[in-house]
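Enquirer: Quick one: this structure, given as structure tokens, is what I'll be asking you about.
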Amino acid sequence: MEPGTPRRYSVAVVEGGALVAKYESVPLRRLLRLIWEYRPRILALDNVYELARNERELAHIVSMMPDDLEIVQVTRSPDGSFHELRSLAAELGIEVGSKLTPGRTAYLAALLAERGYGSRIRFVENKTRIIIRRGRSVGTGGMSQFRYQRRLRAAILRATRRIKERLDRSGLDYDLVFRKSGGGLDSAVFIVYAPRDKLYGIVKPHHGRDIVIDVRPVYSSHIVFEAAGRQASPRRFLIVGIDPGISTAVAAIDINGTLVFTESRRSLDRQEIVSMIYRHGHPVLIATDVKPAPDMVKKLASMLRVPLYEPPNSMSVEEKQEIVEEYLSRSEVRVTLDSHQRDALAAALKAYQVLEPKLRQAESHVARLGLDIDRDAVKAWIIKGASIAEAIENELEKLVNGSAWEEVVVKRRRVQRQEREEGNGSPVNERLLKTIEELEAENRTLRRRLRELQETIKRLEADYWLLKNEFEKTVEVERRVAELRRELEQARRLIDELRRENMEVLKTAERVKKLSIMAGRGQVVIGARLRRLSREELRSVKNTFTTLHGIPVCIDEAYNAAWSDAAEALVREGVAFILLPGDSMKYAGVFEEKDIPVLREDGLVIDKVGELCIVDPAAYIDAARRLEELRARRSRERRVSKEDILKLFREYRLKRMRELLKDADLAADELPC
């Protein structure tokens, strides 16, 4: 701004070190129009308060400028120190006279800002943090506890999706970080780049039993000085790896593969990440370790106007550990990294490994040509997508278009003005001068058109990545739909099976109902059924009948590995009688020895339903007869045994008497007469 003149400025438009246009005594309204017309990347000043008297007025003026415009105060270093414009110009090798004109000051400010000098200013907007979390803690428990946890995670996921849809509809800029878990989300945080009052009617706090939604405004100072887009000397170009999440990590290496810094912190937003990066250098590439890249990383790359690197496939934990451990051992760097910092560094190293062959090729090409140009800048051009030839030409153009170019342009304009004033210009010169002016105007128009096309390309690339992301999401949805269809088919088969089982249960219930009526009338007797003779089956049946005393028992399969123990247990229960199939009657003696009658089930068992055996009441009569037979036979066996013993005793006594008599006769014969 010219001293003593309110709101009038000298303007110099510089591109690649060359003076494109120059304007004197420009009012503020025209300055704003020129900014929108030329769409520069940087607005350079030697004092930002030349635009306004205070921060509030400065914020109002800045709000009328393009959003992507960087405002740089070239006389302020990133560390907070101030330098005169003359000393800064001397660092660039530009000799400044005793007095700096406003036009010369404007040109030097633009040239210094383009070379990376100064501090960028930004007005930190009030941010709002939306936190979605569980309403209460979940302790240890069984299956019910797991179901409750899944319900909470699903509720947090639904709330997150609902808030995301509302923010998308409102057009507010935001970052979303969350912690995934089985069946949903454990927590989610939205960082909305808007004051709290902008969210009224969009998101409101909620404190429920299951989930809590906190809406907290984040306040900060009005104006902040940051490192400019490029550092002063030496410039350091950075490849930056980002691992977003509840705890976000940032790691940067330079384009020679040297570790610059790593840092992780909870709830880092994009503005804080940008400030962190610019404190260490100038970003030329943003890298992530997953494919597709998270939305926050995409927005950050777009905000910094640098390319985004995604690996062909999401990197596994083993791959990230291997690449980081190999790098640290090779470079002998002693740092302690948490898991987030490791993932961010792995992303940057993966991107560098992909680019390294081409960067080495460019370095050897520059060395072979013997050019004295900034090799790191050439590599930075290549990372941004330029070929080796284009990168070298861009740096050579900076050497050709040095600070002397301004003198040439100013001198040419002075000659043109003198010729017009003196009237000595020939018609040929007039036509040539007119042609030059037309060409210059056309050049400016074409440059503006080129910038517009470049912006269009960036927008189309962003749309492409969004469409690609949507396509991948569609593929994921189709895969999920296929899985759900398979699960639905399995569920249908299960339902059919359950229906069949239900029909069987209904039929069984109907049979049991009829049999119960018949039992009540005395037409049938309900007994217990053992599918096989075992202690386990016996315990199961006892749970149904409580006691088996006086109840008939049907046994489908009498013999098994442990049937004798089970038979003894069954005898101890005091059952009324036992019914066996025809092929198992050979085991009847085990029970009849204990006075438990055994009958053949043919003609006596009417039906079998589960653990119930439906028996003809006539079986009790047969069982009673069988029991009488057993007892009569046992009684006869006992009597026969007594008579036999008496007979044997009598025979023994008779035999003994005969032997005694015989011995007596022999003794008499031996006596003397």
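Every chain in the structure tokens takes a letter, A first, then B, and so on in the order presented; its residues are numbered from 1, and the ligands are numbered from 1 following the presented order.
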From segment 462-607 of chain A, collect each residue whose DSSP state is strand (DSSP E) and return the set as a PyMOL selection string.
Expert: chain A and resi 525-530+553-555+578-580+598-600+605-607
Enquirer: Find the residues near Ala344 of chain A: any atom within 9 Å, counting only C-alpha atoms, skip ones fewer than 3 places away on the same chain, and give them as a list in words.
Expert: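 Using only C-alpha atoms, the neighbours found are Val240, Gly241, Ile242, Asp243, Pro244, Thr248, Ala249, Val250, Ala251, Ala252, Thr262, Ala287, Thr288, Asp289, Ser339, His340, Gln341, Ala347, Ala348 and Leu349 of chain A.
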Enquirer: Okay, now the selection with N, CA and C atoms, as a short mmCIF file (atom, residue, chain, number, x, y, z; two decimals), in the first residue's frame?
Expert:
```cif
data_model
loop_
_atom_site.label_atom_id
_atom_site.label_comp_id
_atom_site.auth_asym_id
_atom_site.auth_seq_id
_atom_site.Cartn_x
_atom_site.Cartn_y
_atom_site.Cartn_z
N VAL A 240 4.71 -37.54 2.73
CA VAL A 240 4.03 -37.61 4.02
C VAL A 240 3.09 -38.81 4.04
N GLY A 241 3.25 -39.66 5.07
CA GLY A 241 2.34 -40.78 5.29
C GLY A 241 1.35 -40.43 6.38
N ILE A 242 0.08 -40.79 6.16
CA ILE A 242 -0.98 -40.46 7.11
C ILE A 242 -1.68 -41.75 7.51
N ASP A 243 -1.90 -41.91 8.83
CA ASP A 243 -2.72 -43.02 9.35
C ASP A 243 -3.83 -42.41 10.19
N PRO A 244 -5.01 -42.14 9.58
CA PRO A 244 -6.08 -41.47 10.32
C PRO A 244 -6.79 -42.43 11.26
N THR A 248 -4.48 -40.15 15.28
CA THR A 248 -3.97 -39.94 13.93
C THR A 248 -2.45 -39.78 13.99
N ALA A 249 -1.77 -40.45 13.07
CA ALA A 249 -0.31 -40.39 13.02
C ALA A 249 0.12 -39.77 11.70
N VAL A 250 1.21 -38.99 11.75
CA VAL A 250 1.81 -38.35 10.58
C VAL A 250 3.30 -38.68 10.59
N ALA A 251 3.81 -39.13 9.45
CA ALA A 251 5.24 -39.42 9.32
C ALA A 251 5.71 -38.87 7.98
N ALA A 252 6.88 -38.25 7.96
CA ALA A 252 7.39 -37.63 6.73
C ALA A 252 8.84 -38.01 6.51
N THR A 262 8.06 -37.95 12.89
CA THR A 262 6.86 -38.77 13.09
C THR A 262 6.15 -38.24 14.33
N ALA A 287 0.65 -40.09 1.27
CA ALA A 287 0.57 -41.55 1.09
C ALA A 287 -0.28 -42.16 2.20
N THR A 288 -0.94 -43.25 1.87
CA THR A 288 -1.73 -44.01 2.83
C THR A 288 -1.39 -45.49 2.68
N ASP A 289 -1.72 -46.28 3.70
CA ASP A 289 -1.38 -47.71 3.68
C ASP A 289 -2.56 -48.60 3.32
N SER A 339 2.14 -48.05 17.09
CA SER A 339 1.59 -48.75 15.92
C SER A 339 1.07 -47.78 14.86
N HIS A 340 0.52 -46.63 15.28
CA HIS A 340 0.00 -45.65 14.32
C HIS A 340 1.15 -44.98 13.56
N GLN A 341 2.20 -44.59 14.28
CA GLN A 341 3.35 -43.98 13.62
C GLN A 341 4.02 -44.97 12.67
N ALA A 347 3.54 -46.25 5.05
CA ALA A 347 2.89 -45.71 3.86
C ALA A 347 3.84 -44.80 3.08
N ALA A 348 4.56 -43.91 3.80
CA ALA A 348 5.51 -43.02 3.14
C ALA A 348 6.65 -43.81 2.49
N LEU A 349 7.16 -44.82 3.19
CA LEU A 349 8.27 -45.62 2.65
C LEU A 349 7.82 -46.43 1.44
#
```
Enquirer: Choose the residue, out of A:Gly135, A:Arg86, A:Arg166, A:Met315, that has the smallest atom-to-atom separation from Ala351 of chain A; count only C-alpha atoms.
Expert: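 Among the listed residues, A:Met315 lies closest to Ala351 of chain A.
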Enquirer: If we count only C-alpha atoms and set the cut-off at 12 Å, which residues sit around Glu568 of chain A, ignoring sequence neighbours fewer than 2 positions away in its own chain? Please answer as a list in words.
Expert: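 Listed by chain and then number, they are Leu533, Ser534, Arg535, Leu538, Ala562, Trp563, Ser564, Asp565, Ala566, Leu570, Val571, Arg572, Glu573, Gly574, Val575, Val590, Phe591, Glu592, Glu593, Lys594 and Ile596 of chain A.
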Enquirer: Counting only C-alpha atoms, which of A:Pro283, A:Lys127, A:His207, A:Leu69 gets nearest to Gln271 of chain A?
Expert: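 The shortest atom-to-atom distance to Gln271 of chain A comes from A:Lys127.
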